[in-house]
>>> print(open('structure.pdb').read())   # PDB, C-alpha atoms
ATOM      1  CA  TRP A   1     -12.655   4.753 -29.742
ATOM      2  CA  ARG A   2     -12.262   1.604 -31.830
ATOM      3  CA  CYS A   3      -9.346  -0.500 -30.622
ATOM      4  CA  ASP A   4      -9.687  -3.283 -33.200
ATOM      5  CA  ARG A   5     -10.939  -2.394 -36.667
ATOM      6  CA  SER A   6     -11.489  -5.876 -38.080
ATOM      7  CA  ARG A   7     -15.006  -6.760 -39.224
ATOM      8  CA  ASN A   8     -15.177  -9.930 -37.097
ATOM      9  CA  ALA A   9     -14.159  -8.062 -33.956
ATOM     10  CA  ALA A  10     -17.415  -6.093 -34.038
ATOM     11  CA  LEU A  11     -19.237  -9.194 -32.870
ATOM     12  CA  GLU A  12     -17.243  -9.683 -29.672
ATOM     13  CA  TYR A  13     -16.058  -6.195 -28.707
ATOM     14  CA  ILE A  14     -18.247  -3.761 -26.819
ATOM     15  CA  LEU A  15     -16.647  -0.489 -27.845
ATOM     16  CA  PRO A  16     -16.050   1.935 -24.962
ATOM     17  CA  MET A  17     -17.401   5.477 -25.137
ATOM     18  CA  THR A  18     -14.110   6.985 -23.955
ATOM     19  CA  ARG A  19     -10.489   5.983 -24.228
ATOM     20  CA  PRO A  20      -9.940   2.883 -22.069
ATOM     21  CA  ILE A  21      -7.567   3.098 -19.103
ATOM     22  CA  LEU A  22      -5.121   0.317 -18.265
ATOM     23  CA  THR A  23      -2.744   0.421 -15.281
ATOM     24  CA  LEU A  24       0.471  -1.479 -14.620
ATOM     25  CA  THR A  25       1.918  -2.550 -11.268
ATOM     26  CA  THR A  26       5.026  -4.755 -11.364
ATOM     27  CA  ASP A  27       8.322  -5.576  -9.706
ATOM     28  CA  PHE A  28      10.127  -5.180 -13.058
ATOM     29  CA  GLY A  29      11.819  -1.861 -12.313
ATOM     30  CA  LEU A  30      12.734   0.566 -15.099
ATOM     31  CA  ALA A  31      16.299  -0.477 -15.896
ATOM     32  CA  ASP A  32      15.207  -3.324 -18.172
ATOM     33  CA  HIS A  33      12.854  -3.582 -21.124
ATOM     34  CA  PHE A  34      10.056  -5.497 -19.368
ATOM     35  CA  ALA A  35       7.634  -2.666 -18.542
ATOM     36  CA  GLY A  36       8.118  -1.015 -21.919
ATOM     37  CA  THR A  37       7.590  -4.286 -23.747
ATOM     38  CA  MET A  38       4.277  -4.826 -21.974
ATOM     39  CA  LYS A  39       3.165  -1.366 -23.065
ATOM     40  CA  GLY A  40       4.078  -2.189 -26.662
ATOM     41  CA  VAL A  41       1.961  -5.344 -26.559
ATOM     42  CA  ILE A  42      -0.976  -3.419 -25.102
ATOM     43  CA  LEU A  43      -0.819  -0.638 -27.673
ATOM     44  CA  GLY A  44      -0.489  -3.137 -30.500
ATOM     45  CA  ILE A  45      -3.874  -4.571 -29.521
ATOM     46  CA  CYS A  46      -5.596  -1.433 -28.239
ATOM     47  CA  PRO A  47      -3.899   1.694 -29.659
ATOM     48  CA  ALA A  48      -6.372   3.984 -27.882
ATOM     49  CA  ALA A  49      -5.428   2.719 -24.423
ATOM     50  CA  GLN A  50      -4.301   5.204 -21.798
ATOM     51  CA  ILE A  51      -1.596   3.387 -19.852
ATOM     52  CA  VAL A  52      -0.937   4.497 -16.274
ATOM     53  CA  ASP A  53       2.057   3.249 -14.282
ATOM     54  CA  ILE A  54       1.057   2.747 -10.658
ATOM     55  CA  SER A  55       4.495   1.359  -9.818
ATOM     56  CA  HIS A  56       7.265  -0.748 -11.290
ATOM     57  CA  GLY A  57       9.224  -0.462  -8.057
ATOM     58  CA  VAL A  58       7.679  -3.290  -6.068
ATOM     59  CA  THR A  59      10.426  -5.109  -4.189
ATOM     60  CA  PRO A  60      11.275  -8.167  -6.327
ATOM     61  CA  PHE A  61       9.009 -11.130  -5.511
ATOM     62  CA  ALA A  62       7.218  -9.175  -2.719
ATOM     63  CA  ILE A  63       3.646 -10.334  -3.317
ATOM     64  CA  ALA A  64       2.195  -8.623  -0.232
ATOM     65  CA  GLU A  65       3.739  -5.307  -1.256
ATOM     66  CA  GLY A  66       2.208  -5.542  -4.722
ATOM     67  CA  ALA A  67      -1.147  -6.386  -3.158
ATOM     68  CA  TYR A  68      -0.884  -3.355  -0.888
ATOM     69  CA  LEU A  69      -0.021  -0.970  -3.738
ATOM     70  CA  ILE A  70      -2.884  -1.906  -6.034
ATOM     71  CA  ALA A  71      -5.285  -1.878  -3.070
ATOM     72  CA  GLN A  72      -4.375   1.735  -2.328
ATOM     73  CA  ALA A  73      -4.661   2.963  -5.912
ATOM     74  CA  TRP A  74      -7.538   1.279  -7.701
ATOM     75  CA  ARG A  75     -10.458   3.124  -6.072
ATOM     76  CA  TYR A  76      -9.282   6.399  -7.588
ATOM     77  CA  PHE A  77      -9.754   5.178 -11.158
ATOM     78  CA  PRO A  78     -12.945   5.313 -13.253
ATOM     79  CA  LYS A  79     -15.257   2.378 -13.817
ATOM     80  CA  ASN A  80     -14.045  -0.215 -16.325
ATOM     81  CA  THR A  81     -10.369   0.498 -15.694
ATOM     82  CA  VAL A  82      -8.194  -2.569 -16.291
ATOM     83  CA  HIS A  83      -5.409  -3.184 -13.751
ATOM     84  CA  VAL A  84      -2.531  -5.509 -14.659
ATOM     85  CA  VAL A  85      -0.541  -6.578 -11.582
ATOM     86  CA  VAL A  86       2.539  -8.717 -12.161
ATOM     87  CA  VAL A  87       4.531  -9.763  -9.105
ATOM     88  CA  ASP A  88       5.021 -13.353 -10.061
ATOM     89  CA  PRO A  89       7.802 -15.446  -8.485
ATOM     90  CA  GLY A  90       5.898 -18.579  -9.579
ATOM     91  CA  VAL A  91       5.860 -17.719 -13.292
ATOM     92  CA  GLY A  92       6.112 -20.840 -15.436
ATOM     93  CA  THR A  93       4.720 -23.142 -12.742
ATOM     94  CA  ALA A  94       1.213 -24.537 -12.305
ATOM     95  CA  ARG A  95      -0.003 -21.313 -10.646
ATOM     96  CA  ARG A  96      -2.959 -19.933 -12.596
ATOM     97  CA  PRO A  97      -3.483 -16.515 -14.152
ATOM     98  CA  ILE A  98      -6.709 -14.934 -12.902
ATOM     99  CA  LEU A  99      -9.116 -12.139 -13.752
ATOM    100  CA  VAL A 100     -10.966 -10.436 -10.897
ATOM    101  CA  GLU A 101     -14.085  -8.325 -11.507
ATOM    102  CA  ALA A 102     -14.670  -6.057  -8.512
ATOM    103  CA  GLY A 103     -15.923  -2.545  -7.872
ATOM    104  CA  GLY A 104     -16.769  -2.069 -11.542
ATOM    105  CA  GLN A 105     -13.127  -2.619 -12.524
ATOM    106  CA  TYR A 106     -10.950  -5.473 -13.751
ATOM    107  CA  PHE A 107      -7.775  -6.908 -12.217
ATOM    108  CA  LEU A 108      -5.393  -9.372 -13.832
ATOM    109  CA  GLY A 109      -2.509 -11.155 -12.159
ATOM    110  CA  PRO A 110      -1.210 -14.504 -10.965
ATOM    111  CA  ASP A 111      -3.174 -16.511  -8.430
ATOM    112  CA  ASN A 112      -0.609 -15.982  -5.683
ATOM    113  CA  GLY A 113      -2.394 -13.449  -3.470
ATOM    114  CA  VAL A 114      -1.261 -10.303  -5.255
ATOM    115  CA  LEU A 115      -4.915  -9.383  -5.898
ATOM    116  CA  SER A 116      -6.149 -10.521  -2.492
ATOM    117  CA  MET A 117      -6.575  -7.056  -0.954
ATOM    118  CA  VAL A 118      -9.141  -6.430  -3.669
ATOM    119  CA  TYR A 119     -11.130  -9.647  -3.658
ATOM    120  CA  LEU A 120     -11.099 -10.144   0.122
ATOM    121  CA  HIS A 121     -12.786  -6.770   0.643
ATOM    122  CA  GLU A 122     -15.071  -6.421  -2.379
ATOM    123  CA  LYS A 123     -17.874  -8.421  -3.905
ATOM    124  CA  CYS A 124     -16.190 -10.014  -6.854
ATOM    125  CA  LYS A 125     -16.082 -12.603  -9.585
ATOM    126  CA  VAL A 126     -12.825 -14.464 -10.146
ATOM    127  CA  ARG A 127     -12.089 -16.174 -13.444
ATOM    128  CA  HIS A 128      -9.320 -18.471 -14.562
ATOM    129  CA  ILE A 129      -7.653 -16.802 -17.569
ATOM    130  CA  ALA A 130      -7.710 -19.784 -19.910
ATOM    131  CA  ASN A 131      -8.734 -18.679 -23.411
ATOM    132  CA  GLU A 132      -5.436 -18.807 -25.268
ATOM    133  CA  LYS A 133      -6.988 -16.932 -28.173
ATOM    134  CA  TYR A 134      -6.181 -13.763 -26.265
ATOM    135  CA  PHE A 135      -2.587 -14.717 -25.409
ATOM    136  CA  ARG A 136       0.517 -13.716 -27.300
ATOM    137  CA  HIS A 137       2.177 -16.744 -28.893
ATOM    138  CA  PRO A 138       4.440 -18.465 -28.229
ATOM    139  CA  VAL A 139       3.980 -18.041 -24.479
ATOM    140  CA  SER A 140       7.298 -17.706 -22.660
ATOM    141  CA  ARG A 141       7.805 -19.645 -19.432
ATOM    142  CA  THR A 142       9.407 -16.583 -17.834
ATOM    143  CA  PHE A 143       7.468 -13.549 -19.113
ATOM    144  CA  HIS A 144       3.729 -13.987 -18.659
ATOM    145  CA  GLY A 145       3.467 -10.232 -18.177
ATOM    146  CA  ARG A 146       4.173  -9.859 -21.896
ATOM    147  CA  ASP A 147       2.463 -12.981 -23.216
ATOM    148  CA  ILE A 148      -0.647 -13.394 -21.017
ATOM    149  CA  PHE A 149      -1.438 -10.473 -18.724
ATOM    150  CA  ALA A 150      -0.665  -7.580 -21.093
ATOM    151  CA  PRO A 151      -2.532  -8.965 -24.130
ATOM    152  CA  VAL A 152      -5.529 -10.188 -22.127
ATOM    153  CA  GLY A 153      -5.696  -6.831 -20.346
ATOM    154  CA  ALA A 154      -5.558  -5.038 -23.687
ATOM    155  CA  HIS A 155      -8.402  -7.138 -25.097
ATOM    156  CA  LEU A 156     -10.493  -6.367 -22.009
ATOM    157  CA  ALA A 157      -9.750  -2.655 -22.414
ATOM    158  CA  ALA A 158     -10.778  -2.972 -26.050
ATOM    159  CA  GLY A 159     -14.139  -4.358 -25.005
ATOM    160  CA  VAL A 160     -13.895  -8.158 -24.913
ATOM    161  CA  ALA A 161     -16.391  -9.533 -22.387
ATOM    162  CA  PRO A 162     -14.808 -11.115 -19.275
ATOM    163  CA  SER A 163     -16.850 -14.287 -19.852
ATOM    164  CA  ARG A 164     -14.800 -14.900 -22.994
ATOM    165  CA  ILE A 165     -11.555 -14.873 -21.024
ATOM    166  CA  GLY A 166     -12.307 -17.860 -18.799
ATOM    167  CA  LYS A 167     -14.718 -19.594 -16.469
ATOM    168  CA  LEU A 168     -15.542 -18.562 -12.914
ATOM    169  CA  MET A 169     -13.548 -20.235 -10.146
ATOM    170  CA  ARG A 170     -13.855 -20.440  -6.368
ATOM    171  CA  ASP A 171     -10.598 -22.044  -5.276
ATOM    172  CA  TYR A 172      -8.383 -18.990  -5.724
ATOM    173  CA  LEU A 173      -5.671 -18.338  -3.151
ATOM    174  CA  LYS A 174      -6.618 -16.546   0.070
ATOM    175  CA  PRO A 175      -3.285 -15.672   1.712
ATOM    176  CA  GLU A 176      -2.659 -15.026   5.379
ATOM    177  CA  PHE A 177      -0.491 -11.903   5.051
ATOM    178  CA  GLU A 178      -3.492  -9.618   4.599
ATOM    179  CA  ARG A 179      -4.545  -9.604   8.264
ATOM    180  CA  PRO A 180      -2.685 -10.019  11.567
ATOM    181  CA  HIS A 181      -3.497 -13.053  13.681
ATOM    182  CA  ARG A 182      -3.869 -13.290  17.428
ATOM    183  CA  ALA A 183      -0.916 -14.885  19.201
ATOM    184  CA  GLY A 184      -2.095 -14.339  22.788
ATOM    185  CA  LYS A 185      -4.717 -12.574  24.863
ATOM    186  CA  ARG A 186      -3.198  -9.161  24.128
ATOM    187  CA  THR A 187      -0.728 -10.025  21.397
ATOM    188  CA  TRP A 188      -1.034 -10.044  17.604
ATOM    189  CA  MET A 189       1.458 -11.095  14.962
ATOM    190  CA  GLY A 190       1.580  -9.024  11.819
ATOM    191  CA  ARG A 191       3.830  -8.310   8.855
ATOM    192  CA  ILE A 192       5.472  -5.449   7.038
ATOM    193  CA  LEU A 193       3.519  -4.757   3.858
ATOM    194  CA  LYS A 194       5.804  -2.129   2.348
ATOM    195  CA  ILE A 195       8.687   0.222   2.964
ATOM    196  CA  ASP A 196       8.018   3.462   1.117
ATOM    197  CA  ARG A 197      10.575   5.746  -0.485
ATOM    198  CA  PHE A 198      10.884   7.787   2.718
ATOM    199  CA  GLY A 199      11.722   4.707   4.770
ATOM    200  CA  ASN A 200       8.342   4.516   6.493
ATOM    201  CA  ILE A 201       7.478   0.930   7.462
ATOM    202  CA  VAL A 202       3.872   0.130   6.511
ATOM    203  CA  THR A 203       2.414  -2.611   8.730
ATOM    204  CA  ASN A 204      -0.688  -4.713   8.162
ATOM    205  CA  PHE A 205      -2.289  -3.381  11.368
ATOM    206  CA  HIS A 206      -5.326  -1.441  10.125
ATOM    207  CA  VAL A 207      -7.259   1.226  12.000
ATOM    208  CA  SER A 208     -10.509  -0.686  11.408
ATOM    209  CA  GLU A 209      -9.247  -3.420  13.748
ATOM    210  CA  PHE A 210      -6.878  -1.448  15.990
ATOM    211  CA  GLY A 211      -8.580   1.914  16.251
ATOM    212  CA  ASP A 212      -8.030   2.241  19.996
ATOM    213  CA  LEU A 213      -4.230   2.433  20.018
ATOM    214  CA  GLU A 214      -4.398   6.164  20.689
ATOM    215  CA  THR A 215      -6.029   5.528  24.067
ATOM    216  CA  ARG A 216      -4.122   2.407  25.140
ATOM    217  CA  SER A 217      -0.543   1.539  25.923
ATOM    218  CA  PHE A 218       1.127  -0.649  23.320
ATOM    219  CA  THR A 219       4.454  -2.010  22.181
ATOM    220  CA  LEU A 220       5.188  -2.754  18.548
ATOM    221  CA  ALA A 221       8.256  -4.976  18.214
ATOM    222  CA  LEU A 222      10.268  -5.110  14.989
ATOM    223  CA  GLY A 223      13.157  -7.471  15.612
ATOM    224  CA  PRO A 224      15.206  -5.985  18.469
ATOM    225  CA  ARG A 225      13.526  -2.555  18.213
ATOM    226  CA  GLU A 226      10.337  -1.455  19.961
ATOM    227  CA  VAL A 227       7.907   1.389  19.265
ATOM    228  CA  THR A 228       5.670   2.683  22.058
ATOM    229  CA  VAL A 229       4.672   6.181  20.873
ATOM    230  CA  LEU A 230       1.729   7.015  18.602
ATOM    231  CA  VAL A 231       1.667  10.465  16.961
ATOM    232  CA  ARG A 232      -0.779  12.309  14.735
ATOM    233  CA  SER A 233       1.803  14.003  12.522
ATOM    234  CA  TYR A 234       5.474  13.551  11.671
ATOM    235  CA  ALA A 235       6.232  16.838  13.419
ATOM    236  CA  GLU A 236       5.215  15.268  16.747
ATOM    237  CA  CYS A 237       8.008  12.677  16.530
ATOM    238  CA  ALA A 238      11.012  13.453  18.673
ATOM    239  CA  ALA A 239      14.287  13.646  16.779
ATOM    240  CA  GLY A 240      15.790  10.185  16.343
ATOM    241  CA  GLU A 241      12.802   8.444  17.953
ATOM    242  CA  LEU A 242      10.808   5.757  16.178
ATOM    243  CA  CYS A 243       7.086   6.458  16.333
ATOM    244  CA  LEU A 244       3.845   4.957  15.063
ATOM    245  CA  ILE A 245       1.570   7.024  12.833
ATOM    246  CA  LEU A 246      -1.681   6.271  11.029
ATOM    247  CA  GLY A 247      -0.928   6.500   7.306
ATOM    248  CA  SER A 248      -3.278   7.724   4.585
ATOM    249  CA  SER A 249      -3.974   4.092   3.651
ATOM    250  CA  GLY A 250      -5.496   3.354   7.068
ATOM    251  CA  TYR A 251      -2.550   1.152   8.054
ATOM    252  CA  TYR A 252      -0.222   2.043  10.893
ATOM    253  CA  GLU A 253       3.319   2.966   9.877
ATOM    254  CA  VAL A 254       6.566   3.098  11.810
ATOM    255  CA  SER A 255       8.298   6.387  11.035
ATOM    256  CA  LEU A 256      11.368   8.418  11.895
ATOM    257  CA  ARG A 257      11.177  12.198  11.694
ATOM    258  CA  GLU A 258      13.054  13.351   8.569
ATOM    259  CA  GLY A 259      14.811  10.010   8.414
ATOM    260  CA  SER A 260      14.396   6.402   7.350
ATOM    261  CA  ALA A 261      12.828   4.132   9.937
ATOM    262  CA  ALA A 262      13.644   1.146   7.735
ATOM    263  CA  MET A 263      17.357   1.954   7.709
ATOM    264  CA  GLN A 264      17.395   2.313  11.485
ATOM    265  CA  VAL A 265      15.463  -0.926  12.066
ATOM    266  CA  LYS A 266      17.120  -2.781   9.155
ATOM    267  CA  CYS A 267      13.984  -4.620   8.072
ATOM    268  CA  GLU A 268      12.427  -5.743   4.801
ATOM    269  CA  PRO A 269       8.889  -6.185   3.416
ATOM    270  CA  GLY A 270       7.331  -9.411   4.612
ATOM    271  CA  ALA A 271       9.171  -9.439   7.948
ATOM    272  CA  ALA A 272       7.156 -10.478  10.989
ATOM    273  CA  ILE A 273       6.223  -7.905  13.654
ATOM    274  CA  GLU A 274       4.472  -8.198  17.022
ATOM    275  CA  LEU A 275       1.923  -5.872  18.604
ATOM    276  CA  MET A 276       1.253  -6.089  22.339
ATOM    277  CA  VAL A 277      -1.619  -3.973  23.673
ATOM    278  CA  GLY A 278      -1.989  -3.107  27.354
TER     279      GLY A 278
END
>>> encode(input="structure.pdb", output="structure tokens")
Amino acid sequence: WRCDRSRNAALEYILPMTRPILTLTTDFGLADHFAGTMKGVILGICPAAQIVDISHGVTPFAIAEGAYLIAQAWRYFPKNTVHVVVVDPGVGTARRPILVEAGGQYFLGPDNGVLSMVYLHEKCKVRHIANEKYFRHPVSRTFHGRDIFAPVGAHLAAGVAPSRIGKLMRDYLKPEFERPHRAGKRTWMGRILKIDRFGNIVTNFHVSEFGDLETRSFTLALGPREVTVLVRSYAECAAGELCLILGSSGYYEVSLREGSAAMQVKCEPGAAIELMVG
């Protein structure tokens, strides 16, 4: 598939053998034009692109939630997929746009930690997106999704080499929300990564670090509420009782059988939580 038919483009584009795939993850929602506009920009540059929406329902400004969502989805895509992730409360400031090469795929987003669950777990190269040749002009101070991330992602999908996008960098942001930290001999402080559509509260306590909860007593505190029961399936939860369950992502989730744990606890993504293990 040829995504740019100009004669000069043949010198810088490595044409893919199959239709390129480009995914979008944003906090834009679907009520406004933002997501659709980004797709228009992409298709104007690379008409052959297959655009996949991972989610446009990230809680506004919730960087950790965006990081969690792309981290769960990207491994299921083919090599050379381009992932555009825009959760960007710092748009228009000095924060840098970055390109991450990891796992044979490409990730574009602001340097605010939204790509951290990829680059903290995979061998990667991180580049500062700086070549304005691949931007849409003029560049808005409020919509870099349209003017930087979408067009650069489209050029990558069309075959532009990452080295043309910008130079390698080492001082990219490494946020603290990705892992819990020890607050005492048997106490860890964590955070809520996401609240899913069913009201399950996804924590940043991962089975790789807390795999023994099934055999130990514990208390997970979320504000004034406490969870002390770990189950293997939702059916094991007693009616009206908050329980902890290991989600498909490998993170522990607070759940309520056939109900919303989030509504009962009244919490939001990013809130602090405490795990005490006996």
>>> resolve_selection(input="structure.pdb", expression="the PyMOL selection byres ((chain A and resi 158) around 6)", output="short mmCIF file (atom, residue, chain, number, x, y, z; two decimals) with C-alpha atoms, in the frame of the given file")
data_model
loop_
_atom_site.label_atom_id
_atom_site.label_comp_id
_atom_site.auth_asym_id
_atom_site.auth_seq_id
_atom_site.Cartn_x
_atom_site.Cartn_y
_atom_site.Cartn_z
CA CYS A 3 -9.35 -0.50 -30.62
CA CYS A 46 -5.60 -1.43 -28.24
CA HIS A 155 -8.40 -7.14 -25.10
CA LEU A 156 -10.49 -6.37 -22.01
CA ALA A 157 -9.75 -2.66 -22.41
CA GLY A 159 -14.14 -4.36 -25.00
#
>>> atom_distance(input="structure.pdb", atom1="atom CA of Glu258 of chain A", atom2="atom CA of Leu242 of chain A")
11.0 Å
>>> closest_residue(input="structure.pdb", among="A:Ile245, A:Val87, A:Val152, A:Ala49", to="Gly113 of chain A", atoms="only C-alpha atoms")
A:Val87
>>> atom_distance(input="structure.pdb", atom1="atom CA of Leu222 of chain A", atom2="atom CA of Lys174 of chain A")
25.3 Å
>>> resolve_selection(input="structure.pdb", expression="the PyMOL selection byres ((chain A and resi 201-217) around 7)", output="list in words")
Glu178, Arg179, Pro180, Gly190, Arg191, Ile192, Leu193, Lys194, Ile195, Asp196, Gly199, Asn200, Phe218, Leu230, Gly250, Tyr251, Tyr252, Glu253, Val254, Ser255, Ala261, Ala262, Val277 and Gly278 of chain A
>>> closest_residue(input="structure.pdb", among="A:Val86, A:Ile54, A:Met38, A:Leu220", to="Arg136 of chain A", atoms="all atoms listed in the file")
A:Met38
>>> closest_residue(input="structure.pdb", among="A:Pro47, A:Pro20, A:Gly109, A:Gly66", to="Pro78 of chain A", atoms="all atoms listed in the file")
A:Pro20
>>> closest_residue(input="structure.pdb", among="A:Met117, A:Ile45, A:Gln264, A:Gly166", to="Ile98 of chain A", atoms="only C-alpha atoms")
A:Gly166
>>> resolve_selection(input="structure.pdb", expression="the PyMOL selection byres ((chain A and resi 173) around 7)", output="list in words")
Asp111, Asn112, Gly113, Asp171, Tyr172, Lys174 and Pro175 of chain A
>>> atom_distance(input="structure.pdb", atom1="atom CA of Ala73 of chain A", atom2="atom CA of Val100 of chain A")
15.6 Å
>>> closest_residue(input="structure.pdb", among="A:Gly153, A:Pro60, A:Pro97, A:Pro110", to="Ala130 of chain A", atoms="all atoms listed in the file")
A:Pro97
>>> closest_residue(input="structure.pdb", among="A:Leu275, A:Met169, A:Ile148, A:Ile129", to="Gly92 of chain A", atoms="only C-alpha atoms")
A:Ile148
>>> residues_around(input="structure.pdb", residues="Ala239 of chain A", least_positions_apart="6", cutoff="10 Å", atoms="all atoms listed in the file", output="list in words")
Leu256, Arg257, Glu258 and Gly259 of chain A
>>> axis_aligned_box(input="structure.pdb", around="segment 109-124 of chain A", padding_each_side="6 Å", output="JSON")
{"center_x": -9.2, "center_y": -11.5, "center_z": -5.8, "size_x": 29.3, "size_y": 22.1, "size_z": 24.8}
>>> residues_around(input="structure.pdb", residues="Ala102 of chain A", least_positions_apart="2", cutoff="6 Å", atoms="only C-alpha atoms", output="VMD selection string")
chain A and resid 104 to 105 124
>>> residues_around(input="structure.pdb", residues="Leu43 of chain A", least_positions_apart="5", cutoff="10 Å", atoms="all atoms listed in the file", output="ChimeraX atom specification")
/A:3,37-38,48-51,150-151,154
